[in-house]
>>> print(open('data-v1.tsv').read())   # TSV, C-alpha atoms
chain	number	residue	atom	x	y	z
A	139	MET	CA	-19.40	0.51	46.07
A	140	LEU	CA	-15.73	-0.03	45.30
A	141	LEU	CA	-14.76	-2.38	42.49
A	142	SER	CA	-11.74	-4.59	43.15
A	143	GLN	CA	-8.89	-4.61	40.66
A	144	PRO	CA	-9.05	-7.68	38.40
A	145	GLY	CA	-6.30	-10.20	39.04
A	146	PHE	CA	-4.66	-13.00	37.07
A	147	PHE	CA	-7.15	-15.63	38.17
A	148	ASP	CA	-10.07	-13.38	37.22
A	149	LEU	CA	-8.72	-13.10	33.66
A	150	SER	CA	-8.05	-16.83	33.53
A	151	GLU	CA	-11.63	-17.48	34.57
A	152	ARG	CA	-12.89	-15.15	31.84
A	153	TYR	CA	-10.87	-17.07	29.24
A	154	GLU	CA	-12.28	-20.37	30.50
A	155	GLN	CA	-15.78	-18.98	30.14
A	156	LEU	CA	-15.02	-17.87	26.58
A	157	SER	CA	-13.73	-21.35	25.77
A	158	ALA	CA	-16.82	-22.96	27.25
A	159	SER	CA	-18.99	-20.65	25.14
A	160	GLY	CA	-17.32	-21.94	21.97
A	161	ASP	CA	-14.77	-19.28	21.01
A	162	PRO	CA	-14.03	-20.17	17.33
A	163	LEU	CA	-10.61	-18.53	17.44
A	164	ILE	CA	-9.17	-21.06	19.90
A	165	GLN	CA	-9.01	-24.01	17.55
A	166	LEU	CA	-8.00	-21.83	14.62
A	167	ASP	CA	-5.03	-20.60	16.62
A	168	GLN	CA	-4.11	-24.13	17.69
A	169	VAL	CA	-4.25	-25.92	14.34
A	170	ILE	CA	-2.63	-23.29	12.06
A	171	PRO	CA	1.20	-23.39	11.91
A	172	TRP	CA	1.61	-19.62	12.06
A	173	ASN	CA	5.40	-19.70	12.14
A	174	ASN	CA	5.40	-21.34	8.71
A	175	PHE	CA	4.49	-17.92	7.31
A	176	ARG	CA	7.40	-16.16	9.02
A	177	TYR	CA	9.99	-16.61	6.27
A	178	THR	CA	7.70	-15.21	3.57
A	179	LEU	CA	6.67	-12.30	5.80
A	180	ASP	CA	10.27	-11.49	6.77
A	181	LYS	CA	11.33	-11.55	3.13
A	182	ALA	CA	8.46	-9.28	2.08
A	183	MET	CA	9.17	-6.78	4.87
A	184	LYS	CA	12.96	-6.78	4.50
A	185	LYS	CA	12.95	-3.87	2.03
A	186	GLU	CA	10.74	-1.80	4.34
A	187	ARG	CA	13.13	-2.06	7.29
A	188	LYS	CA	16.10	-0.03	5.97
A	189	SER	CA	17.37	1.18	9.35
A	190	ARG	CA	17.47	-0.23	12.87
A	191	ALA	CA	16.96	3.23	14.34
A	192	GLY	CA	13.75	3.97	16.21
A	193	ARG	CA	11.29	1.62	17.85
A	194	PRO	CA	11.60	-2.01	16.70
A	195	PRO	CA	8.71	-3.24	14.54
A	196	TYR	CA	5.96	-5.48	15.84
A	197	ASP	CA	6.40	-9.19	15.23
A	198	TYR	CA	5.41	-9.90	11.62
A	199	VAL	CA	3.48	-13.07	12.47
A	200	LEU	CA	1.48	-11.06	15.01
A	201	MET	CA	0.70	-8.46	12.33
A	202	PHE	CA	-0.28	-11.20	9.88
A	203	LYS	CA	-2.69	-12.68	12.43
A	204	ILE	CA	-4.26	-9.23	12.74
A	205	LEU	CA	-4.84	-9.25	8.97
A	206	VAL	CA	-6.41	-12.70	9.33
A	207	LEU	CA	-8.82	-11.30	11.92
A	208	GLN	CA	-9.61	-8.46	9.54
A	209	GLY	CA	-10.33	-10.95	6.77
A	210	LEU	CA	-12.40	-13.20	9.01
A	211	TYR	CA	-14.66	-10.42	10.30
A	212	ASN	CA	-14.23	-7.91	7.42
A	213	LEU	CA	-13.07	-5.10	9.69
A	214	SER	CA	-11.45	-1.79	8.76
A	215	ASP	CA	-8.09	-0.77	10.23
A	216	HIS	CA	-9.81	1.50	12.75
A	217	GLN	CA	-12.30	-1.21	13.73
A	218	ILE	CA	-9.68	-3.94	14.17
A	219	GLU	CA	-7.60	-1.71	16.47
A	220	PHE	CA	-10.70	-1.00	18.58
A	221	GLN	CA	-11.77	-4.65	18.67
A	222	ILE	CA	-8.32	-5.86	19.76
A	223	ARG	CA	-8.44	-3.42	22.65
A	224	ASP	CA	-12.03	-4.35	23.49
A	225	ARG	CA	-12.24	-8.14	23.02
A	226	LEU	CA	-10.46	-10.71	25.16
A	227	SER	CA	-10.92	-13.35	22.48
A	228	PHE	CA	-8.91	-11.25	20.02
A	229	LEU	CA	-6.17	-10.64	22.59
A	230	ARG	CA	-5.86	-14.35	23.31
A	231	PHE	CA	-5.78	-15.23	19.61
A	232	LEU	CA	-2.92	-12.75	19.09
A	233	GLY	CA	-1.05	-13.92	22.18
A	234	LEU	CA	-1.27	-10.50	23.82
A	235	SER	CA	-2.05	-9.54	27.40
A	236	LEU	CA	-3.77	-6.45	28.77
A	237	GLU	CA	-0.37	-4.84	29.41
A	238	ASN	CA	0.98	-5.28	25.87
A	239	ALA	CA	1.11	-2.47	23.34
A	240	ILE	CA	-1.46	-2.76	20.54
A	241	PRO	CA	-0.57	-1.86	16.91
A	242	ASP	CA	-2.53	1.21	15.86
A	243	GLU	CA	-4.48	1.52	12.62
A	244	LYS	CA	-1.65	3.34	10.81
A	245	THR	CA	0.80	0.55	11.68
A	246	ILE	CA	-1.67	-2.05	10.40
A	247	TRP	CA	-2.19	-0.07	7.18
A	248	SER	CA	1.57	0.30	6.62
A	249	PHE	CA	2.16	-3.42	7.17
A	250	ARG	CA	-0.55	-4.39	4.67
A	251	GLU	CA	0.70	-1.84	2.11
A	252	ALA	CA	4.20	-3.31	2.35
A	253	LEU	CA	2.82	-6.78	1.63
A	254	VAL	CA	0.81	-5.41	-1.30
A	255	LYS	CA	3.92	-3.82	-2.82
A	256	ALA	CA	5.89	-7.06	-2.33
A	257	GLY	CA	3.14	-9.16	-3.96
A	258	ALA	CA	3.23	-11.37	-0.88
A	259	MET	CA	-0.37	-12.62	-0.78
A	260	ASP	CA	0.02	-15.05	-3.68
A	261	LYS	CA	3.15	-16.48	-2.00
A	262	LEU	CA	1.40	-16.83	1.36
A	263	PHE	CA	-1.58	-18.54	-0.27
A	264	LYS	CA	0.60	-21.03	-2.15
A	265	GLN	CA	2.70	-21.65	0.94
A	266	PHE	CA	-0.32	-22.75	2.97
A	267	ASN	CA	-1.49	-24.97	0.11
A	268	ARG	CA	1.91	-26.68	0.09
A	269	TYR	CA	1.52	-27.28	3.82
A	270	LEU	CA	-1.92	-28.81	3.22
A	271	GLU	CA	-0.48	-31.18	0.62
A	272	LYS	CA	2.37	-32.13	2.92
A	273	ILE	CA	0.05	-33.24	5.75
A	274	GLY	CA	-2.31	-35.20	3.49
A	275	TYR	CA	-4.87	-32.67	2.26
A	276	GLU	CA	-3.75	-32.72	-1.36
A	277	ALA	CA	-6.28	-31.86	-4.07
A	278	LYS	CA	-8.45	-34.89	-4.93
A	279	CYS	CA	-11.53	-35.98	-6.87
A	280	GLY	CA	-11.39	-33.22	-9.49
A	281	SER	CA	-11.82	-29.47	-9.65
A	282	MET	CA	-14.85	-27.21	-9.18
A	283	ILE	CA	-14.52	-23.83	-10.91
A	284	ASP	CA	-16.71	-20.79	-10.34
A	285	ALA	CA	-16.63	-17.03	-9.78
A	286	SER	CA	-18.42	-14.48	-7.62
A	287	PHE	CA	-18.64	-10.70	-7.49
A	288	VAL	CA	-16.81	-8.77	-4.80
A	289	GLU	CA	-18.36	-5.31	-4.61
A	290	ILE	CA	-16.71	-2.03	-3.62
A	291	PRO	CA	-18.27	1.37	-2.79
A	292	LYS	CA	-19.76	2.98	-5.89
A	293	GLN	CA	-17.96	5.95	-7.44
A	294	ARG	CA	-19.86	9.17	-8.17
A	295	ASN	CA	-18.30	10.16	-11.46
A	296	SER	CA	-19.58	12.19	-14.39
A	297	LYS	CA	-20.37	10.52	-17.73
A	298	GLU	CA	-17.25	12.07	-19.26
A	299	GLU	CA	-15.06	10.73	-16.44
A	300	ASN	CA	-16.54	7.23	-16.75
A	301	LYS	CA	-15.96	7.29	-20.50
A	302	GLU	CA	-12.27	8.14	-20.03
A	303	ILE	CA	-11.90	5.43	-17.39
A	304	LYS	CA	-13.36	2.81	-19.76
A	305	GLU	CA	-10.82	3.89	-22.36
A	306	GLY	CA	-8.04	3.22	-19.87
A	307	LYS	CA	-7.34	6.90	-19.24
A	308	VAL	CA	-7.24	8.95	-16.05
A	309	PRO	CA	-9.37	12.14	-16.20
A	310	LYS	CA	-7.17	15.22	-16.48
A	311	ASP	CA	-8.92	16.90	-13.55
A	312	TRP	CA	-7.86	14.01	-11.30
A	313	GLU	CA	-4.24	14.19	-12.38
A	314	GLU	CA	-4.13	17.85	-11.42
A	315	LYS	CA	-5.51	17.06	-7.96
A	316	PRO	CA	-3.40	14.30	-6.36
A	317	ASN	CA	-5.56	14.11	-3.22
A	318	LYS	CA	-8.67	13.55	-5.32
A	319	ARG	CA	-6.86	11.00	-7.51
A	320	ARG	CA	-5.93	8.91	-4.47
A	321	GLN	CA	-9.62	8.52	-3.62
A	322	LYS	CA	-10.72	7.51	-7.11
A	323	GLU	CA	-11.04	3.95	-8.40
A	324	VAL	CA	-10.09	3.37	-12.04
A	325	ASP	CA	-9.62	-0.42	-12.17
A	326	ALA	CA	-13.04	-1.68	-11.00
A	327	ARG	CA	-15.85	-2.06	-13.53
A	328	TRP	CA	-19.62	-2.20	-13.73
A	329	THR	CA	-21.40	-5.31	-14.99
A	330	LYS	CA	-24.89	-6.74	-15.04
A	331	LYS	CA	-26.08	-10.23	-14.18
A	332	GLY	CA	-29.76	-10.92	-14.57
A	333	ASN	CA	-31.49	-7.79	-13.36
A	334	GLU	CA	-28.76	-6.86	-10.88
A	335	ASN	CA	-25.93	-4.36	-11.42
A	336	TYR	CA	-22.56	-4.92	-9.76
A	337	TYR	CA	-19.53	-2.66	-9.36
A	338	GLY	CA	-16.15	-3.96	-8.31
A	339	TYR	CA	-14.18	-7.11	-8.95
A	340	LYS	CA	-14.63	-10.81	-9.46
A	341	ASP	CA	-13.09	-13.68	-7.49
A	342	HIS	CA	-12.46	-16.69	-9.76
A	343	ILE	CA	-11.62	-19.85	-7.82
A	344	ASN	CA	-10.79	-23.53	-8.26
A	345	ALA	CA	-11.76	-25.69	-5.27
A	346	ASP	CA	-11.07	-29.41	-5.09
A	347	ALA	CA	-14.14	-31.66	-4.95
A	348	LYS	CA	-12.84	-33.71	-1.99
A	349	TYR	CA	-12.10	-31.11	0.69
A	350	LYS	CA	-13.60	-27.93	-0.82
A	351	LEU	CA	-10.29	-26.10	-0.29
A	352	ILE	CA	-9.39	-23.33	-2.73
A	353	ARG	CA	-6.38	-24.39	-4.80
A	354	ARG	CA	-6.08	-21.57	-7.33
A	355	TYR	CA	-7.66	-18.14	-7.77
A	356	GLU	CA	-7.65	-15.14	-10.06
A	357	VAL	CA	-8.93	-11.60	-9.38
A	358	THR	CA	-10.26	-9.50	-12.27
A	359	PRO	CA	-12.56	-6.50	-12.79
A	360	ALA	CA	-16.22	-7.47	-12.51
A	361	ASN	CA	-16.87	-7.23	-16.25
A	362	GLU	CA	-14.33	-9.97	-17.08
A	363	ALA	CA	-16.09	-13.02	-18.55
A	364	ASP	CA	-15.79	-16.16	-16.41
A	365	CYS	CA	-14.60	-18.26	-19.34
A	366	HIS	CA	-11.50	-16.08	-19.87
A	367	CYS	CA	-9.93	-17.25	-16.59
A	368	PHE	CA	-10.66	-20.93	-17.13
A	369	GLU	CA	-7.20	-21.97	-18.32
A	370	ALA	CA	-5.41	-20.12	-15.49
A	371	LEU	CA	-7.58	-21.88	-12.90
A	372	LEU	CA	-6.96	-25.46	-14.07
A	373	ASP	CA	-5.07	-27.40	-11.40
A	374	LYS	CA	-2.59	-29.98	-12.69
A	375	ARG	CA	-1.82	-31.15	-9.14
A	376	ASN	CA	-5.35	-32.44	-8.56
A	377	SER	CA	-5.27	-36.25	-8.64
A	378	GLY	CA	-8.80	-36.27	-10.12
A	379	LYS	CA	-9.21	-35.39	-13.79
A	380	ASN	CA	-12.84	-34.24	-13.72
A	381	VAL	CA	-13.49	-30.51	-14.07
A	382	TRP	CA	-16.92	-29.17	-13.03
A	383	ALA	CA	-18.19	-25.70	-13.93
A	384	ASP	CA	-21.43	-24.04	-15.05
A	385	CYS	CA	-22.38	-23.42	-18.68
A	386	ALA	CA	-20.69	-19.99	-18.72
A	387	TYR	CA	-17.36	-21.83	-19.06
A	388	ARG	CA	-18.43	-23.99	-22.03
A	389	THR	CA	-16.65	-22.49	-25.03
A	390	PRO	CA	-14.78	-24.19	-27.89
A	391	THR	CA	-11.50	-22.82	-26.53
A	392	ASN	CA	-12.07	-24.24	-23.04
A	393	GLU	CA	-13.24	-27.60	-24.40
A	394	ALA	CA	-10.04	-27.81	-26.47
A	395	GLU	CA	-7.97	-26.87	-23.41
A	396	LEU	CA	-9.47	-29.75	-21.42
A	397	LYS	CA	-8.63	-32.21	-24.21
A	398	THR	CA	-5.09	-30.86	-24.51
A	399	LYS	CA	-4.47	-31.34	-20.79
A	400	LYS	CA	-6.28	-34.71	-20.79
A	401	LEU	CA	-8.90	-33.57	-18.30
A	402	GLU	CA	-12.48	-34.85	-18.18
A	403	ASP	CA	-15.16	-32.41	-19.35
A	404	ARG	CA	-17.87	-32.09	-16.70
A	405	LEU	CA	-19.02	-28.62	-17.72
A	406	GLN	CA	-22.73	-27.84	-17.80
A	407	HIS	CA	-24.31	-27.84	-21.28
A	408	ARG	CA	-25.71	-24.62	-22.75
A	409	PRO	CA	-29.35	-24.62	-23.90
A	410	GLY	CA	-29.83	-24.04	-27.63
A	411	LYS	CA	-32.29	-21.73	-29.36
A	412	GLY	CA	-35.55	-21.32	-27.51
A	413	ARG	CA	-33.81	-22.57	-24.34
A	414	TYR	CA	-34.07	-26.11	-25.71
A	415	LEU	CA	-31.76	-28.79	-24.32
A	416	PRO	CA	-31.87	-32.46	-25.42
A	417	ARG	CA	-33.02	-34.90	-22.76
A	418	HIS	CA	-29.65	-36.68	-22.42
A	419	LYS	CA	-27.80	-33.37	-21.92
A	420	ASP	CA	-30.40	-32.23	-19.42
A	421	ASP	CA	-29.84	-35.46	-17.47
A	422	GLN	CA	-26.09	-34.88	-17.59
A	423	ASN	CA	-26.54	-31.33	-16.26
A	424	HIS	CA	-28.65	-32.66	-13.40
A	425	ARG	CA	-26.01	-35.24	-12.40
A	426	ARG	CA	-23.11	-32.82	-12.74
A	427	SER	CA	-24.83	-30.07	-10.78
A	428	LYS	CA	-24.90	-32.28	-7.67
A	429	ILE	CA	-21.12	-31.97	-7.48
A	430	ARG	CA	-20.65	-28.57	-9.11
A	431	VAL	CA	-23.02	-26.88	-6.65
A	432	ARG	CA	-20.66	-27.70	-3.77
A	433	VAL	CA	-18.41	-24.84	-4.87
A	434	GLU	CA	-21.23	-22.49	-3.82
A	435	HIS	CA	-20.55	-23.54	-0.23
A	436	VAL	CA	-17.21	-21.72	-0.47
A	437	PHE	CA	-18.79	-18.43	-1.48
A	438	GLY	CA	-21.62	-19.02	0.99
A	439	PHE	CA	-19.14	-19.19	3.87
A	440	MET	CA	-17.41	-16.02	2.67
A	441	GLU	CA	-20.72	-14.19	2.36
A	442	ASN	CA	-22.47	-15.36	5.53
A	443	SER	CA	-19.65	-16.13	7.99
A	444	MET	CA	-16.99	-13.67	6.84
A	445	ASN	CA	-19.21	-10.94	5.37
A	446	GLY	CA	-16.48	-10.84	2.79
A	447	MET	CA	-18.04	-10.23	-0.61
A	448	ARG	CA	-17.66	-6.48	-0.04
A	449	ILE	CA	-14.35	-4.69	0.35
A	450	ARG	CA	-13.15	-1.10	0.63
A	451	THR	CA	-10.04	-0.69	-1.48
A	452	ILE	CA	-8.75	1.53	-4.28
A	453	GLY	CA	-6.84	-0.05	-7.15
A	454	ILE	CA	-6.64	-3.61	-8.39
A	455	LYS	CA	-3.40	-4.41	-6.50
A	456	ARG	CA	-5.04	-3.76	-3.15
A	457	ALA	CA	-8.18	-5.57	-4.28
A	458	GLN	CA	-6.11	-8.61	-5.28
A	459	PHE	CA	-4.50	-8.61	-1.85
A	460	LYS	CA	-7.80	-8.30	0.05
A	461	ILE	CA	-9.56	-10.93	-2.05
A	462	GLY	CA	-6.53	-13.21	-1.88
A	463	LEU	CA	-6.55	-12.77	1.91
A	464	MET	CA	-10.25	-13.65	1.92
A	465	ASN	CA	-9.49	-16.87	0.02
A	466	LEU	CA	-6.61	-17.72	2.35
A	467	VAL	CA	-8.70	-17.09	5.48
A	468	TYR	CA	-11.41	-19.35	4.05
A	469	ASN	CA	-8.80	-22.11	3.63
A	470	LEU	CA	-7.58	-21.59	7.20
A	471	CYS	CA	-11.13	-21.91	8.53
A	472	ARG	CA	-11.93	-24.86	6.28
A	473	TYR	CA	-8.78	-26.66	7.42
A	474	GLY	CA	-9.78	-26.03	11.02
A	475	GLN	CA	-13.21	-27.52	10.30
A	476	LEU	CA	-11.73	-30.57	8.58
A	477	THR	CA	-9.41	-31.11	11.53
A	478	ARG	CA	-12.29	-30.83	13.98
A	479	LEU	CA	-14.32	-33.36	11.96
A	480	GLY	CA	-11.35	-35.72	11.74
A	481	VAL	CA	-11.34	-35.72	7.92
A	482	ALA	CA	-7.97	-36.72	6.47
>>> encode(input="data-v1.tsv", output="structure tokens")
Amino acid sequence: MLLSQPGFFDLSERYEQLSASGDPLIQLDQVIPWNNFRYTLDKAMKKERKSRAGRPPYDYVLMFKILVLQGLYNLSDHQIEFQIRDRLSFLRFLGLSLENAIPDEKTIWSFREALVKAGAMDKLFKQFNRYLEKIGYEAKCGSMIDASFVEIPKQRNSKEENKEIKEGKVPKDWEEKPNKRRQKEVDARWTKKGNENYYGYKDHINADAKYKLIRRYEVTPANEADCHCFEALLDKRNSGKNVWADCAYRTPTNEAELKTKKLEDRLQHRPGKGRYLPRHKDDQNHRRSKIRVRVEHVFGFMENSMNGMRIRTIGIKRAQFKIGLMNLVYNLCRYGQLTRLGVA
């Protein structure tokens, strides 16, 4: 039996079937102003393009959308190249046809590395937040602050090597073997929460209580205490003055910082000795938790929909980029959801 060659109308019918099945990338592509990112991307990549010789580079907005797909589905460079070639929904999202050339994994890696070196992720994140404010999604009703672990593959080091890493040193054996050094992580840290051990980094965020959009974030090694990032996460642009966070953030320093900036303290109270908490403080915790817990929805989406609380990077600069991208992609998806629901 001979199979006929697919034509234009066959492909169009396939796309219509994808749309009818609820392709989530359609609306995301329609509501996000992708060209708004072009200036920042061009500026970040300007130093990389030193000569006009050779094949012209792929469009930077196209490459950025590939990174967004990576962040949304937590795909490696090899996997994203394969999926673009394999999935019609990815091709349509990127504005490519079956005849177009597809960036290979090395090109994707080089593009991301250039953005890492330029420190572009923080600029891209802030740029989209400015766009949100401009169209009416400014931060409202106060801030919700929390943090979550982002794990990386565990390192198999000796006790002596781990000791040197904790002291901020690089083991001598690694320095003598550059190829080995490139594969070793020295910035991530181990920490313990409850009965669970974690290795990697921590994503500290501030989400507004109205729209649950991330307004500020900080990336640190996993052993960094939550309370140390509190001041950096406070958002002066939020029209609400209430600040919600769990009891890990309640320290004399943070309480003083809230008073200095004339913000309302809605932090959870810490139990005293014997886990005792006065009745009125327990009631306050119960009321405050109804709002504070909404920040968990942000991490829940990253964990369940983006499979994003695990990354494969080496070095804190790359980790900051990947986690920053994860936060930005969450905001893109959340904005798409708010648009679909007609919330403004």
>>> closest_residue(input="data-v1.tsv", among="A:Thr477, A:Ser281, A:Asn344, A:Gln221", to="Lys379 of chain A", atoms="all atoms listed in the file")
A:Ser281
>>> atom_distance(input="data-v1.tsv", atom1="atom CA of Phe231 of chain A", atom2="atom CA of Gln475 of chain A")
17.1 Å
>>> closest_residue(input="data-v1.tsv", among="A:Thr245, A:Gln208, A:Gln422, A:Ser150", to="Met444 of chain A", atoms="all atoms listed in the file")
A:Gln208
>>> closest_residue(input="data-v1.tsv", among="A:Gln168, A:Thr391, A:Asn295, A:Asn465", to="Arg230 of chain A", atoms="all atoms listed in the file")
A:Gln168
>>> residues_near_point(input="data-v1.tsv", point="(0.1, -10.6, -3.0)", cutoff="10 Å", atoms="all atoms listed in the file", output="PyMOL selection string")
chain A and resi 182+250+252-263+455-463
>>> closest_residue(input="data-v1.tsv", among="A:Gln165, A:Ser296, A:Asn376, A:Ser214", to="Glu276 of chain A", atoms="only C-alpha atoms")
A:Asn376
>>> atom_distance(input="data-v1.tsv", atom1="atom CA of Glu237 of chain A", atom2="atom CA of Ile222 of chain A")
12.5 Å
>>> atom_distance(input="data-v1.tsv", atom1="atom CA of Ser377 of chain A", atom2="atom CA of Lys278 of chain A")
5.1 Å
>>> closest_residue(input="data-v1.tsv", among="A:Asp161, A:Leu372, A:Lys244, A:Glu362", to="Ile343 of chain A", atoms="all atoms listed in the file")
A:Leu372
>>> closest_residue(input="data-v1.tsv", among="A:Asn445, A:Pro416, A:Ala383, A:Thr389", to="Val431 of chain A", atoms="all atoms listed in the file")
A:Ala383
>>> residues_around(input="data-v1.tsv", residues="Trp172 of chain A", least_positions_apart="5", cutoff="10 Å", atoms="all atoms listed in the file", output="NGL selection string")
:A and (167 or 199-200 or 202-203 or 266)
>>> decode(input="data-v1.tsv", residues="segment 195-258 of chain A", atoms="C-alpha atoms", output="mmCIF file, in the first residue's frame")
data_model
loop_
_atom_site.group_PDB
_atom_site.id
_atom_site.type_symbol
_atom_site.label_atom_id
_atom_site.label_comp_id
_atom_site.auth_asym_id
_atom_site.auth_seq_id
_atom_site.Cartn_x
_atom_site.Cartn_y
_atom_site.Cartn_z
ATOM 1 C CA PRO A 195 22.454 33.314 13.574
ATOM 2 C CA TYR A 196 18.948 32.100 14.271
ATOM 3 C CA ASP A 197 16.439 34.733 15.299
ATOM 4 C CA TYR A 198 17.005 35.509 18.987
ATOM 5 C CA VAL A 199 13.305 35.585 19.842
ATOM 6 C CA LEU A 200 12.967 32.126 18.285
ATOM 7 C CA MET A 201 15.865 30.885 20.422
ATOM 8 C CA PHE A 202 14.331 32.466 23.525
ATOM 9 C CA LYS A 203 11.028 30.683 22.842
ATOM 10 C CA ILE A 204 12.989 27.423 22.676
ATOM 11 C CA LEU A 205 14.349 28.166 26.158
ATOM 12 C CA VAL A 206 10.782 28.831 27.311
ATOM 13 C CA LEU A 207 9.761 25.390 26.030
ATOM 14 C CA GLN A 208 12.716 23.909 27.880
ATOM 15 C CA GLY A 209 11.624 25.639 31.074
ATOM 16 C CA LEU A 210 7.993 24.657 30.640
ATOM 17 C CA TYR A 211 8.702 20.955 30.116
ATOM 18 C CA ASN A 212 12.120 20.739 31.843
ATOM 19 C CA LEU A 213 13.878 19.312 28.793
ATOM 20 C CA SER A 214 17.597 18.949 28.131
ATOM 21 C CA ASP A 215 19.204 20.467 25.024
ATOM 22 C CA HIS A 216 19.199 17.082 23.291
ATOM 23 C CA GLN A 217 15.570 16.431 24.226
ATOM 24 C CA ILE A 218 14.303 19.838 23.105
ATOM 25 C CA GLU A 219 15.963 19.434 19.686
ATOM 26 C CA PHE A 220 14.318 16.025 19.289
ATOM 27 C CA GLN A 221 10.912 17.255 20.460
ATOM 28 C CA ILE A 222 10.935 20.229 18.073
ATOM 29 C CA ARG A 223 11.581 17.851 15.199
ATOM 30 C CA ASP A 224 8.966 15.396 16.447
ATOM 31 C CA ARG A 225 6.055 17.538 17.690
ATOM 32 C CA LEU A 226 3.835 19.689 15.508
ATOM 33 C CA SER A 227 2.689 21.685 18.531
ATOM 34 C CA PHE A 228 6.280 22.778 19.205
ATOM 35 C CA LEU A 229 6.814 23.718 15.554
ATOM 36 C CA ARG A 230 3.671 25.843 15.517
ATOM 37 C CA PHE A 231 4.596 27.556 18.790
ATOM 38 C CA LEU A 232 8.001 28.478 17.331
ATOM 39 C CA GLY A 233 6.527 29.612 14.019
ATOM 40 C CA LEU A 234 8.449 26.980 12.065
ATOM 41 C CA SER A 235 7.347 24.728 9.227
ATOM 42 C CA LEU A 236 8.496 21.234 8.305
ATOM 43 C CA GLU A 237 10.938 22.700 5.772
ATOM 44 C CA ASN A 238 12.682 25.075 8.188
ATOM 45 C CA ALA A 239 16.074 24.360 9.716
ATOM 46 C CA ILE A 240 15.965 23.440 13.410
ATOM 47 C CA PRO A 241 18.619 24.730 15.871
ATOM 48 C CA ASP A 242 20.698 21.821 17.123
ATOM 49 C CA GLU A 243 21.520 21.166 20.772
ATOM 50 C CA LYS A 244 24.945 22.842 20.543
ATOM 51 C CA THR A 245 23.379 26.023 19.156
ATOM 52 C CA ILE A 246 20.814 26.029 21.970
ATOM 53 C CA TRP A 247 23.559 25.505 24.558
ATOM 54 C CA SER A 248 25.684 28.324 23.105
ATOM 55 C CA PHE A 249 22.729 30.729 23.085
ATOM 56 C CA ARG A 250 21.890 29.994 26.732
ATOM 57 C CA GLU A 251 25.555 30.284 27.782
ATOM 58 C CA ALA A 252 25.749 33.709 26.139
ATOM 59 C CA LEU A 253 22.709 34.860 28.113
ATOM 60 C CA VAL A 254 24.226 33.464 31.315
ATOM 61 C CA LYS A 255 27.461 35.396 30.760
ATOM 62 C CA ALA A 256 25.497 38.586 30.012
ATOM 63 C CA GLY A 257 23.362 38.199 33.160
ATOM 64 C CA ALA A 258 20.307 38.569 30.944
#
